[in-house]
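As stored in entry39.tsv (TSV, C-alpha atoms):
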```tsv
chain	number	residue	atom	x	y	z
A	30	MET	CA	-18.63	0.32	-19.18
A	31	ARG	CA	-18.80	-1.91	-16.10
A	32	ILE	CA	-16.31	-3.40	-13.66
A	33	THR	CA	-16.30	-7.15	-14.11
A	34	GLY	CA	-13.44	-8.52	-12.01
A	35	TYR	CA	-9.94	-8.19	-10.68
A	36	ARG	CA	-6.62	-10.02	-10.61
A	37	ILE	CA	-3.96	-9.86	-7.93
A	38	LEU	CA	-0.24	-10.19	-8.54
A	39	THR	CA	2.87	-9.82	-6.42
A	40	THR	CA	6.21	-8.84	-7.87
A	41	VAL	CA	9.57	-7.84	-6.41
A	42	GLN	CA	11.44	-4.59	-6.05
A	43	ASP	CA	15.06	-5.67	-6.36
A	44	TRP	CA	17.28	-2.89	-5.05
A	45	GLY	CA	20.49	-4.86	-5.53
A	46	ARG	CA	21.72	-3.75	-2.09
A	47	PRO	CA	20.57	-3.69	1.53
A	48	ILE	CA	17.78	-1.22	2.24
A	49	GLY	CA	16.02	-0.20	5.42
A	50	ASP	CA	15.52	2.31	8.19
A	51	ALA	CA	15.77	2.59	11.97
A	52	ASN	CA	13.29	-0.27	12.35
A	53	GLY	CA	15.24	-2.84	10.35
A	54	VAL	CA	16.96	-3.79	7.12
A	55	TYR	CA	16.11	-6.01	4.13
A	56	ALA	CA	19.58	-7.47	3.80
A	57	ASP	CA	19.05	-8.87	0.30
A	58	GLY	CA	17.29	-5.74	-0.98
A	59	LEU	CA	14.20	-7.67	-2.07
A	60	VAL	CA	10.77	-6.22	-1.21
A	61	ARG	CA	7.33	-7.55	-2.10
A	62	VAL	CA	5.22	-5.31	-4.36
A	63	PRO	CA	1.51	-6.26	-4.45
A	64	ILE	CA	-0.46	-5.25	-7.56
A	65	VAL	CA	-4.19	-5.14	-8.30
A	66	VAL	CA	-5.55	-5.25	-11.86
A	67	VAL	CA	-9.19	-4.19	-12.32
A	68	GLU	CA	-11.02	-5.58	-15.38
A	69	THR	CA	-13.96	-4.14	-17.33
A	70	ASP	CA	-16.40	-5.36	-19.96
A	71	ALA	CA	-14.95	-2.80	-22.39
A	72	GLY	CA	-11.58	-4.55	-22.42
A	73	LEU	CA	-9.84	-1.77	-20.48
A	74	THR	CA	-7.87	-2.76	-17.38
A	75	GLY	CA	-6.44	-0.54	-14.66
A	76	VAL	CA	-3.38	-1.08	-12.50
A	77	GLY	CA	-2.97	-0.19	-8.84
A	78	LEU	CA	0.10	-0.88	-6.71
A	79	GLY	CA	-1.06	-1.72	-3.22
A	80	SER	CA	-2.44	-4.21	-0.76
A	81	HIS	CA	-4.62	-7.27	-1.45
A	82	VAL	CA	-5.90	-7.54	2.13
A	83	GLU	CA	-9.65	-8.31	2.27
A	84	ILE	CA	-9.90	-7.43	-1.40
A	85	GLU	CA	-12.88	-9.69	-2.03
A	86	ALA	CA	-14.99	-7.80	0.50
A	87	VAL	CA	-13.78	-4.38	-0.67
A	88	PHE	CA	-14.23	-5.21	-4.36
A	89	ALA	CA	-17.90	-6.04	-3.72
A	90	ALA	CA	-18.48	-2.29	-3.28
A	91	ILE	CA	-17.48	-1.55	-6.88
A	92	GLU	CA	-18.31	-4.71	-8.82
A	93	GLY	CA	-20.71	-4.03	-11.69
A	94	GLU	CA	-20.26	-0.26	-11.38
A	95	ASP	CA	-19.02	2.19	-14.00
A	96	PRO	CA	-15.29	2.58	-13.24
A	97	ARG	CA	-15.33	6.21	-14.35
A	98	CYS	CA	-17.32	7.17	-11.21
A	99	VAL	CA	-14.08	7.05	-9.26
A	100	THR	CA	-14.63	9.32	-6.28
A	101	ALA	CA	-18.14	8.01	-5.62
A	102	LEU	CA	-16.80	4.45	-5.76
A	103	TYR	CA	-14.01	5.41	-3.37
A	104	ASP	CA	-16.61	6.46	-0.82
A	105	ARG	CA	-18.54	3.24	-1.43
A	106	MET	CA	-15.40	1.29	-0.50
A	107	LEU	CA	-14.98	3.35	2.66
A	108	ARG	CA	-18.59	2.74	3.64
A	109	ARG	CA	-18.24	-0.99	2.98
A	110	THR	CA	-15.43	-1.22	5.55
A	111	PHE	CA	-16.51	1.34	8.15
A	112	LYS	CA	-17.56	-1.11	10.90
A	113	ALA	CA	-14.26	-2.98	11.09
A	114	GLY	CA	-12.34	0.15	10.12
A	115	HIS	CA	-10.46	0.98	6.97
A	116	ALA	CA	-7.06	1.81	8.51
A	117	GLY	CA	-3.88	-0.05	7.70
A	118	PRO	CA	-3.64	-2.66	4.93
A	119	VAL	CA	-7.37	-2.46	4.14
A	120	PHE	CA	-6.90	1.22	3.33
A	121	GLY	CA	-4.10	0.10	1.03
A	122	THR	CA	-6.51	-2.22	-0.77
A	123	ILE	CA	-8.95	0.65	-1.22
A	124	GLY	CA	-6.06	2.78	-2.48
A	125	ALA	CA	-4.93	0.17	-4.99
A	126	LEU	CA	-8.44	-0.22	-6.39
A	127	ASP	CA	-8.90	3.55	-6.45
A	128	THR	CA	-5.66	3.99	-8.41
A	129	ALA	CA	-6.71	1.31	-10.89
A	130	LEU	CA	-10.04	3.08	-11.44
A	131	TRP	CA	-8.31	6.37	-12.16
A	132	ASP	CA	-6.11	4.51	-14.63
A	133	ILE	CA	-9.19	3.18	-16.43
A	134	LYS	CA	-10.93	6.57	-16.40
A	135	ALA	CA	-7.94	8.28	-18.05
A	136	GLN	CA	-7.51	5.48	-20.59
A	137	ALA	CA	-11.18	5.75	-21.52
A	138	ALA	CA	-10.67	9.48	-22.06
A	139	GLY	CA	-7.58	8.81	-24.16
A	140	GLU	CA	-5.42	11.03	-21.96
A	141	PRO	CA	-2.55	10.61	-19.51
A	142	LEU	CA	-3.92	10.88	-16.00
A	143	TRP	CA	-1.97	14.04	-15.21
A	144	ARG	CA	-3.77	15.86	-18.01
A	145	LEU	CA	-7.19	14.40	-17.12
A	146	LEU	CA	-6.77	15.64	-13.55
A	147	GLY	CA	-6.04	19.15	-14.80
A	148	GLY	CA	-2.27	19.25	-14.65
A	149	ARG	CA	-0.36	21.64	-16.89
A	150	ASP	CA	3.30	20.83	-16.22
A	151	ARG	CA	4.39	17.21	-16.65
A	152	ARG	CA	7.55	17.78	-14.61
A	153	VAL	CA	7.27	16.79	-10.93
A	154	PRO	CA	10.16	17.91	-8.66
A	155	ALA	CA	11.86	14.99	-6.88
A	156	TYR	CA	14.19	14.31	-3.99
A	157	ALA	CA	16.50	11.32	-3.54
A	158	SER	CA	15.63	8.73	-0.92
A	159	GLY	CA	17.94	5.73	-0.76
A	160	LEU	CA	16.53	3.81	2.25
A	161	ASP	CA	20.20	3.77	3.09
A	162	ILE	CA	20.69	3.01	6.78
A	163	GLY	CA	22.43	-0.31	6.06
A	164	LEU	CA	25.11	1.16	3.78
A	165	ASP	CA	28.71	1.97	4.63
A	166	ASP	CA	30.20	5.34	3.69
A	167	ASP	CA	31.46	4.32	0.24
A	168	GLU	CA	28.15	2.69	-0.66
A	169	LEU	CA	26.23	5.72	0.58
A	170	VAL	CA	28.29	8.10	-1.54
A	171	ALA	CA	27.91	5.89	-4.63
A	172	VAL	CA	24.12	5.68	-4.23
A	173	TYR	CA	23.65	9.43	-3.91
A	174	GLN	CA	26.08	10.10	-6.74
A	175	ALA	CA	23.71	8.12	-8.98
A	176	TYR	CA	20.85	10.37	-7.88
A	177	ALA	CA	23.00	13.47	-8.38
A	178	ASP	CA	23.78	12.33	-11.91
A	179	ARG	CA	20.02	12.59	-12.60
A	180	GLY	CA	20.05	16.19	-11.46
A	181	LEU	CA	18.65	15.70	-7.95
A	182	ARG	CA	19.74	18.35	-5.46
A	183	ALA	CA	17.66	17.26	-2.46
A	184	ALA	CA	18.05	14.07	-0.45
A	185	LYS	CA	16.52	12.25	2.50
A	186	VAL	CA	18.77	10.08	4.66
A	187	LYS	CA	17.55	7.36	7.01
A	188	GLY	CA	18.75	7.62	10.58
A	189	GLY	CA	17.74	8.07	14.19
A	190	LEU	CA	19.97	5.53	15.94
A	191	ASP	CA	23.17	7.52	16.51
A	192	VAL	CA	23.42	11.30	16.27
A	193	ALA	CA	27.13	11.29	15.35
A	194	ARG	CA	26.56	8.78	12.57
A	195	ASP	CA	23.56	10.71	11.27
A	196	ARG	CA	25.55	13.94	11.16
A	197	HIS	CA	28.43	12.19	9.37
A	198	ARG	CA	26.18	10.56	6.77
A	199	LEU	CA	24.22	13.74	6.11
A	200	THR	CA	27.53	15.54	5.58
A	201	LEU	CA	28.66	12.95	3.05
A	202	VAL	CA	25.41	13.30	1.10
A	203	ARG	CA	25.57	17.09	1.34
A	204	ASP	CA	29.06	17.07	-0.16
A	205	VAL	CA	28.02	14.82	-3.05
A	206	LEU	CA	25.06	17.04	-3.94
A	207	THR	CA	27.00	20.27	-3.43
A	208	GLU	CA	29.72	19.18	-5.83
A	209	ALA	CA	27.15	18.05	-8.38
A	210	GLY	CA	25.35	21.38	-8.01
A	211	ARG	CA	28.60	23.35	-8.46
A	212	GLY	CA	28.50	24.73	-4.97
A	213	ALA	CA	24.77	25.30	-4.63
A	214	ARG	CA	23.52	24.27	-1.19
A	215	PRO	CA	21.29	21.16	-1.37
A	216	SER	CA	18.23	20.37	0.70
A	217	LEU	CA	18.77	17.67	3.35
A	218	MET	CA	16.11	15.70	5.20
A	219	LEU	CA	16.38	13.12	7.98
A	220	ASP	CA	13.80	10.34	8.32
A	221	VAL	CA	13.70	8.37	11.59
A	222	ASN	CA	10.47	6.39	11.05
A	223	GLU	CA	8.83	6.97	14.44
A	224	THR	CA	11.80	5.75	16.47
A	225	TRP	CA	12.11	8.56	19.05
A	226	THR	CA	10.35	10.01	22.06
A	227	ARG	CA	9.63	13.75	22.01
A	228	LYS	CA	12.71	14.73	24.03
A	229	GLN	CA	14.96	12.40	22.06
A	230	ALA	CA	13.75	14.03	18.87
A	231	VAL	CA	14.48	17.58	20.02
A	232	ARG	CA	17.92	16.70	21.43
A	233	HIS	CA	18.95	14.68	18.38
A	234	VAL	CA	17.85	17.24	15.78
A	235	ALA	CA	19.19	20.20	17.76
A	236	GLU	CA	22.60	18.54	17.88
A	237	ILE	CA	22.62	18.00	14.11
A	238	GLU	CA	21.47	21.56	13.52
A	239	ARG	CA	24.59	22.88	15.23
A	240	THR	CA	26.48	22.14	12.00
A	241	LEU	CA	23.91	21.28	9.32
A	242	ASP	CA	20.77	22.84	7.93
A	243	LEU	CA	17.89	20.34	7.78
A	244	THR	CA	14.94	21.06	5.53
A	245	TRP	CA	12.76	18.66	7.48
A	246	ILE	CA	12.75	15.94	10.11
A	247	GLU	CA	10.37	13.13	9.17
A	248	GLU	CA	8.19	11.06	11.51
A	249	PRO	CA	10.16	12.02	14.64
A	250	VAL	CA	7.57	10.44	16.97
A	251	ARG	CA	4.61	8.10	16.66
A	252	ARG	CA	2.35	8.96	13.75
A	253	TRP	CA	-0.69	9.80	15.92
A	254	ASP	CA	1.15	11.92	18.51
A	255	VAL	CA	-0.23	15.39	17.82
A	256	GLU	CA	1.33	17.13	20.82
A	257	GLY	CA	4.58	15.25	20.26
A	258	HIS	CA	4.93	16.54	16.71
A	259	ALA	CA	4.02	20.03	17.89
A	260	ALA	CA	6.64	19.85	20.65
A	261	VAL	CA	9.31	18.78	18.18
A	262	GLY	CA	8.30	21.59	15.84
A	263	ARG	CA	8.70	24.11	18.64
A	264	GLY	CA	12.09	22.73	19.65
A	265	VAL	CA	13.93	22.58	16.30
A	266	ARG	CA	14.49	24.80	13.27
A	267	ALA	CA	13.67	22.12	10.71
A	268	SER	CA	10.16	21.61	9.42
A	269	VAL	CA	8.28	18.58	10.73
A	270	ALA	CA	7.08	16.18	8.03
A	271	THR	CA	4.63	13.35	8.64
A	272	GLY	CA	1.55	11.63	7.26
A	273	GLU	CA	2.73	8.74	5.11
A	274	ASN	CA	1.23	6.22	7.54
A	275	LEU	CA	-1.99	8.11	8.23
A	276	THR	CA	-5.05	6.55	6.62
A	277	GLY	CA	-7.93	8.93	6.05
A	278	LEU	CA	-8.67	12.62	6.50
A	279	GLU	CA	-9.77	11.92	10.06
A	280	GLN	CA	-6.18	10.97	10.95
A	281	HIS	CA	-4.61	13.97	9.22
A	282	ARG	CA	-7.06	16.52	10.59
A	283	PRO	CA	-5.88	16.64	14.25
A	284	LEU	CA	-2.23	17.17	13.28
A	285	ILE	CA	-3.06	19.88	10.77
A	286	ALA	CA	-5.56	21.61	13.05
A	287	ALA	CA	-3.00	21.72	15.89
A	288	GLY	CA	-0.26	23.16	13.71
A	289	ALA	CA	1.80	20.04	14.46
A	290	VAL	CA	2.92	19.34	10.87
A	291	ASP	CA	4.74	21.57	8.38
A	292	ILE	CA	5.07	19.17	5.42
A	293	VAL	CA	1.98	17.01	4.87
A	294	GLN	CA	2.83	13.62	3.42
A	295	THR	CA	0.74	10.84	1.95
A	296	ALA	CA	1.86	7.41	0.77
A	297	ALA	CA	1.35	6.24	-2.80
A	298	VAL	CA	-0.26	2.99	-1.62
A	299	TRP	CA	-3.21	4.87	-0.10
A	300	GLY	CA	-4.46	5.96	-3.51
A	301	ILE	CA	-5.08	9.04	-5.60
A	302	THR	CA	-8.44	10.17	-4.18
A	303	HIS	CA	-6.97	10.14	-0.67
A	304	PHE	CA	-4.04	12.26	-1.83
A	305	LEU	CA	-6.28	14.78	-3.56
A	306	ARG	CA	-8.44	15.18	-0.45
A	307	VAL	CA	-5.46	15.50	1.88
A	308	ALA	CA	-3.88	18.03	-0.48
A	309	THR	CA	-7.05	20.13	-0.37
A	310	LEU	CA	-7.16	20.01	3.43
A	311	ALA	CA	-3.49	20.97	3.61
A	312	HIS	CA	-3.99	23.78	1.10
A	313	ALA	CA	-6.77	25.21	3.24
A	314	HIS	CA	-4.13	25.56	5.98
A	315	ASP	CA	-1.41	26.93	3.65
A	316	LEU	CA	0.64	23.74	3.97
A	317	PRO	CA	2.59	21.94	1.23
A	318	VAL	CA	2.11	18.27	0.37
A	319	SER	CA	4.76	15.69	-0.52
A	320	PRO	CA	4.03	12.15	-1.83
A	321	ILE	CA	5.90	9.14	-0.45
A	322	GLY	CA	6.55	5.81	-2.11
A	323	THR	CA	8.92	3.50	-3.95
A	324	THR	CA	7.50	4.64	-7.29
A	325	PRO	CA	4.56	6.94	-6.44
A	326	ILE	CA	3.18	6.72	-9.98
A	327	GLY	CA	-0.42	7.67	-9.30
A	328	LEU	CA	0.50	10.50	-6.96
A	329	LEU	CA	2.95	11.95	-9.45
A	330	HIS	CA	0.08	12.41	-11.89
A	331	ALA	CA	-2.11	13.86	-9.13
A	332	ALA	CA	0.66	16.16	-7.92
A	333	THR	CA	0.57	18.08	-11.19
A	334	SER	CA	-3.01	19.15	-10.46
A	335	VAL	CA	-2.70	20.52	-6.92
A	336	PRO	CA	-1.38	24.02	-6.08
A	337	ASN	CA	0.56	23.01	-2.98
A	338	HIS	CA	2.75	20.13	-4.17
A	339	LEU	CA	6.31	20.65	-2.89
A	340	VAL	CA	8.41	17.65	-3.94
A	341	SER	CA	7.94	13.89	-4.46
A	342	GLU	CA	10.06	11.04	-3.18
A	343	LEU	CA	12.27	9.15	-5.62
A	344	GLN	CA	13.44	5.87	-4.16
A	345	ASP	CA	14.75	3.15	-6.48
A	346	LEU	CA	15.78	4.41	-9.91
A	347	GLU	CA	14.30	1.27	-11.51
A	348	PRO	CA	10.70	0.01	-11.25
A	349	ALA	CA	9.70	-3.37	-9.82
A	350	LEU	CA	10.32	-6.50	-11.89
A	351	GLY	CA	7.82	-6.84	-14.71
A	352	VAL	CA	6.61	-3.24	-14.37
A	353	SER	CA	7.29	-0.50	-16.92
A	354	VAL	CA	6.36	3.14	-16.44
A	355	ASP	CA	5.85	6.00	-18.87
A	356	HIS	CA	8.06	8.52	-17.16
A	357	HIS	CA	11.74	9.20	-16.66
A	358	VAL	CA	13.93	11.26	-14.34
A	359	GLU	CA	16.04	14.17	-15.53
A	360	ASP	CA	17.20	17.51	-14.13
A	361	GLY	CA	15.91	16.62	-10.68
A	362	ALA	CA	12.34	15.83	-11.70
A	363	PHE	CA	10.04	13.04	-12.78
A	364	VAL	CA	8.95	13.75	-16.36
A	365	LEU	CA	5.57	12.18	-17.08
A	366	GLY	CA	4.72	10.79	-20.52
A	367	ASP	CA	1.71	10.91	-22.82
A	368	ARG	CA	0.52	7.30	-22.63
A	369	PRO	CA	-3.19	7.23	-21.68
A	370	GLY	CA	-3.87	6.42	-18.04
A	371	LEU	CA	-1.09	5.93	-15.52
A	372	GLY	CA	1.29	4.75	-18.20
A	373	VAL	CA	1.96	1.51	-16.32
A	374	ARG	CA	2.46	-1.72	-18.24
A	375	LEU	CA	2.81	-5.18	-16.69
A	376	ASP	CA	4.74	-8.16	-18.04
A	377	GLU	CA	2.93	-10.91	-16.16
A	378	GLU	CA	5.32	-13.59	-17.45
A	379	VAL	CA	8.25	-11.75	-15.89
A	380	ILE	CA	6.28	-11.26	-12.68
A	381	ALA	CA	5.42	-14.96	-12.52
A	382	ALA	CA	9.04	-15.93	-13.21
A	383	SER	CA	10.23	-13.73	-10.32
A	384	SER	CA	8.04	-15.48	-7.76
A	385	HIS	CA	11.02	-17.41	-6.38
A	386	LEU	CA	12.54	-14.08	-5.31
A	387	LEU	CA	9.60	-13.10	-3.11
A	388	PRO	CA	10.72	-12.74	0.50
A	389	HIS	CA	8.67	-14.66	3.06
A	390	LEU	CA	5.88	-12.65	4.65
A	391	MET	CA	7.37	-13.30	8.08
A	392	SER	CA	10.92	-12.32	7.15
A	393	GLY	CA	12.45	-9.33	8.94
A	394	GLY	CA	12.74	-5.80	7.65
A	395	ALA	CA	11.73	-2.20	8.11
A	396	HIS	CA	8.04	-3.12	8.46
A	397	ILE	CA	8.56	-4.60	11.94
A	398	ARG	CA	8.89	-2.15	14.84
A	399	PRO	CA	11.76	-3.09	17.18
A	400	GLU	CA	10.87	-4.01	20.74
A	401	ARG	CA	13.00	-1.21	22.22
A	402	ALA	CA	12.03	1.59	19.81
A	403	GLY	CA	11.63	4.77	21.83
A	404	HIS	CA	13.22	3.16	24.91
A	405	ARG	CA	16.94	3.16	24.08
A	406	LEU	CA	19.79	4.73	25.99
A	407	HIS	CA	23.01	4.29	24.04
A	408	PRO	CA	24.16	4.43	20.41
A	409	VAL	CA	25.85	1.38	18.90
A	410	GLU	CA	27.50	0.62	15.58
A	411	VAL	CA	24.86	0.21	12.90
A	412	GLY	CA	25.09	-2.80	10.62
A	413	GLY	CA	23.29	-6.07	10.00
A	414	GLU	CA	21.40	-7.25	13.08
A	415	ALA	CA	22.60	-4.25	15.08
A	416	VAL	CA	20.36	-1.90	13.11
A	417	GLY	CA	17.59	-0.68	15.37
A	418	ALA	CA	19.28	-1.91	18.51
A	419	VAL	CA	20.10	1.22	20.50
A	420	LEU	CA	19.64	4.99	20.41
A	421	ASN	CA	21.15	7.64	22.64
A	422	ALA	CA	18.59	9.31	24.87
```

Show me the file's structure as structure tokens.
Amino acid sequence: MRITGYRILTTVQDWGRPIGDANGVYADGLVRVPIVVVETDAGLTGVGLGSHVEIEAVFAAIEGEDPRCVTALYDRMLRRTFKAGHAGPVFGTIGALDTALWDIKAQAAGEPLWRLLGGRDRRVPAYASGLDIGLDDDELVAVYQAYADRGLRAAKVKGGLDVARDRHRLTLVRDVLTEAGRGARPSLMLDVNETWTRKQAVRHVAEIERTLDLTWIEEPVRRWDVEGHAAVGRGVRASVATGENLTGLEQHRPLIAAGAVDIVQTAAVWGITHFLRVATLAHAHDLPVSPIGTTPIGLLHAATSVPNHLVSELQDLEPALGVSVDHHVEDGAFVLGDRPGLGVRLDEEVIAASSHLLPHLMSGGAHIRPERAGHRLHPVEVGGEAVGAVLNA
């Protein structure tokens, strides 16, 4: 079997409500979802959700190769890009192709990927993550009630702009999950998406911890700030979680070696091989791993095969338009199916028909860092254009 070509598609994740974080909000709830389809001469195709950036150059590293040689081909893609660097969107392209190759390998074996990778339990524990910073109180409660109805008893709230508002919103979510769990205390996480300085992080979290128990604080400072993460970890009770925006073992290694991270995260768009390698590095340091992503399909399969998986992020309860998945959510966990490969199916007619919904590449949202991030003095009311405007120091 040989790799013969690829196709690129872009569909839409339609949340049906505003979504975002401390950096900005997608007011219409529409987010672009790039997809890569790898083709073979055996008629098998693999699907990877991730970037298309410089795909022609990256694909040259695997064209004509046997797609079942996944990890060796992953390293070929890294070597092909090493001069210019593989960080950022190019790493996402490598991750998308890598995921598609794993999909093909498992299909060729006639097994779901989780079983091919050595997993035993198809249930993957999940936590709720509503990308909820643009919601009012009633909307917030309704969103997390929907998660609670699926059995989730852990939730991550977006914040970082106003300590009083964060405490209030975390309390609302806590109460929803506590009632659903018949009094059992839920796990609460706060994600601020790199919006603070070190001192802001310690002051903000310490204030929240006066009345609430946080399981973790996520990306409190810039992703590469080793000493900053370590300082936050020393100054608060909550665990420090980070890693979703780190691309490559070389970026994870300094944080792990310095004891600056407690929960090691990787993003679904960076691929399965990356996750497996990061999980091994984390395991060597007795640290848990936690996948991040809108629908981290590939990493859910991979999570079943590593000994240190903690919990995986569940964002939207529905997949992107034109995408179907062979798993469901019940009793607080993703439950993976038996369809060979990733279990992903594409309806390319639906994807093509949704093209008019694609937001413009230059439109605003959480992917654009605000000019004053990390340099704010005062909290303001959060909503619409005010999101990301000011933070108390």

Produce a table with one row for each residue of stretch 120-186 of chain A that has an atom at most 7 Å from any atom of stretch 91-115 of chain A, each row naming the nearest atom pair and its distance in Å at one decimal; use all atoms listed in the file; arrange rows by chain and rising residue number; format as CSV.
```
residue,atom,partner,partner_atom,distance
A:Phe120,CA,A:His115,CA,5.1
A:Ile123,CA,A:Met106,CA,6.5
A:Asp127,CA,A:Tyr103,CA,6.2
A:Leu130,CA,A:Pro96,CA,5.6
A:Trp131,CA,A:Val99,CA,6.5
A:Ile133,CA,A:Pro96,CA,6.9
A:Lys134,CA,A:Arg97,CA,4.9
```

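Using only C-alpha atoms, the smallest distance between any of A:Arg46, A:Arg374, A:Lys185, A:Arg179 and A:Ile321 comes from A:Lys185.
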
*For A:Leu190, which residue out of A:Ile326, A:Ala259, A:Val293, A:Ala402 is the nearest one, using only C-alpha atoms?*
A:Ala402

Show me the residues close to (6.5, 8.0, 18.2) - anything with an atom within 7 Å, counting all atoms listed in the file - and format the list as a PDB file with C-alpha atoms, in the frame of the given file.
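Output below, filename point.pdb:
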```
ATOM      1  CA  GLU A 223       8.830   6.970  14.440  1.00  0.00           C
ATOM      2  CA  THR A 224      11.800   5.750  16.470  1.00  0.00           C
ATOM      3  CA  TRP A 225      12.110   8.560  19.050  1.00  0.00           C
ATOM      4  CA  THR A 226      10.350  10.010  22.060  1.00  0.00           C
ATOM      5  CA  PRO A 249      10.160  12.020  14.640  1.00  0.00           C
ATOM      6  CA  VAL A 250       7.570  10.440  16.970  1.00  0.00           C
ATOM      7  CA  ARG A 251       4.610   8.100  16.660  1.00  0.00           C
ATOM      8  CA  ARG A 252       2.350   8.960  13.750  1.00  0.00           C
ATOM      9  CA  ASP A 254       1.150  11.920  18.510  1.00  0.00           C
TER      10      ASP A 254
END
```

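Of note, atom CA of A:Ser319 and atom CA of A:Thr295 are spaced 6.8 Å apart.
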
*Do a neighbour search on stretch 270-284 of chain A at 6 Å with all atoms listed in the file, toss out local chain neighbours closer than 4 positions, and write the hits as a VMD selection string.*
chain A and resid 116 247 to 248 255 289 to 296

Generate the output file for the selected residues, C-alpha atoms, as a PDB file, in the frame of the given file.
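The resulting file, part30.pdb, is reproduced below:
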```
ATOM      1  CA  ALA A 116      -7.060   1.810   8.510  1.00  0.00           C
ATOM      2  CA  GLU A 247      10.370  13.130   9.170  1.00  0.00           C
ATOM      3  CA  GLU A 248       8.190  11.060  11.510  1.00  0.00           C
ATOM      4  CA  VAL A 255      -0.230  15.390  17.820  1.00  0.00           C
ATOM      5  CA  ALA A 289       1.800  20.040  14.460  1.00  0.00           C
ATOM      6  CA  VAL A 290       2.920  19.340  10.870  1.00  0.00           C
ATOM      7  CA  ASP A 291       4.740  21.570   8.380  1.00  0.00           C
ATOM      8  CA  ILE A 292       5.070  19.170   5.420  1.00  0.00           C
ATOM      9  CA  VAL A 293       1.980  17.010   4.870  1.00  0.00           C
ATOM     10  CA  GLN A 294       2.830  13.620   3.420  1.00  0.00           C
ATOM     11  CA  THR A 295       0.740  10.840   1.950  1.00  0.00           C
ATOM     12  CA  ALA A 296       1.860   7.410   0.770  1.00  0.00           C
TER      13      ALA A 296
END
```

Closest atom pairs, residues of stretch 194-248 of chain A within 10 Å of stretch 137-159 of chain A, all atoms listed in the file, as JSON lines:
```
{"residue": "A:Ser216", "atom": "CA", "partner": "A:Tyr156", "partner_atom": "CA", "distance": 8.7}
{"residue": "A:Leu217", "atom": "CA", "partner": "A:Tyr156", "partner_atom": "CA", "distance": 9.3}
{"residue": "A:Met218", "atom": "CA", "partner": "A:Ser158", "partner_atom": "CA", "distance": 9.3}
{"residue": "A:Leu219", "atom": "CA", "partner": "A:Ser158", "partner_atom": "CA", "distance": 10.0}
{"residue": "A:Asp220", "atom": "CA", "partner": "A:Ser158", "partner_atom": "CA", "distance": 9.6}
```

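The smallest atom-to-atom distance between A:Trp299 and any of A:Ala213, A:Leu328, A:Ile48, A:Ile64, using all atoms listed in the file, is found for A:Leu328.
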
_I'd like to know which of A:Val269, A:Ile380, A:Leu78, A:Ala311 is closest to A:Leu243, using only C-alpha atoms._
A:Val269

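Excluding A:Ala260 itself and same-chain residues fewer than 3 positions from it, the residues having an atom within 8 Å of it are A:Arg227, A:Glu256, A:Gly257, A:Arg263, A:Gly264, A:Ala289, counting only C-alpha atoms.
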
Give me a file of those residues, with C-alpha atoms, as a PDB file, keeping the file's coordinate frame.
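part_17.pdb, freshly written:
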```
ATOM      1  CA  ARG A 227       9.630  13.750  22.010  1.00  0.00           C
ATOM      2  CA  GLU A 256       1.330  17.130  20.820  1.00  0.00           C
ATOM      3  CA  GLY A 257       4.580  15.250  20.260  1.00  0.00           C
ATOM      4  CA  ARG A 263       8.700  24.110  18.640  1.00  0.00           C
ATOM      5  CA  GLY A 264      12.090  22.730  19.650  1.00  0.00           C
ATOM      6  CA  ALA A 289       1.800  20.040  14.460  1.00  0.00           C
TER       7      ALA A 289
END
```

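Put simply, atom CA of A:Asp242 is 8.5 Å away from atom CA of A:Arg266.
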
*asked:* What does the structure give for the distance between atom CA of A:Asp167 and atom CA of A:Ala230, in Å to one decimal?
replied: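 Atom CA of A:Ala230 lies 27.5 Å from atom CA of A:Asp167.
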
*Of the listed residues A:Ile162, A:Val318, A:Val119, A:Ala209, that which approaches A:Val298 most closely, counting all atoms listed in the file*: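 Smallest separation from A:Val298 among the options: A:Val119.
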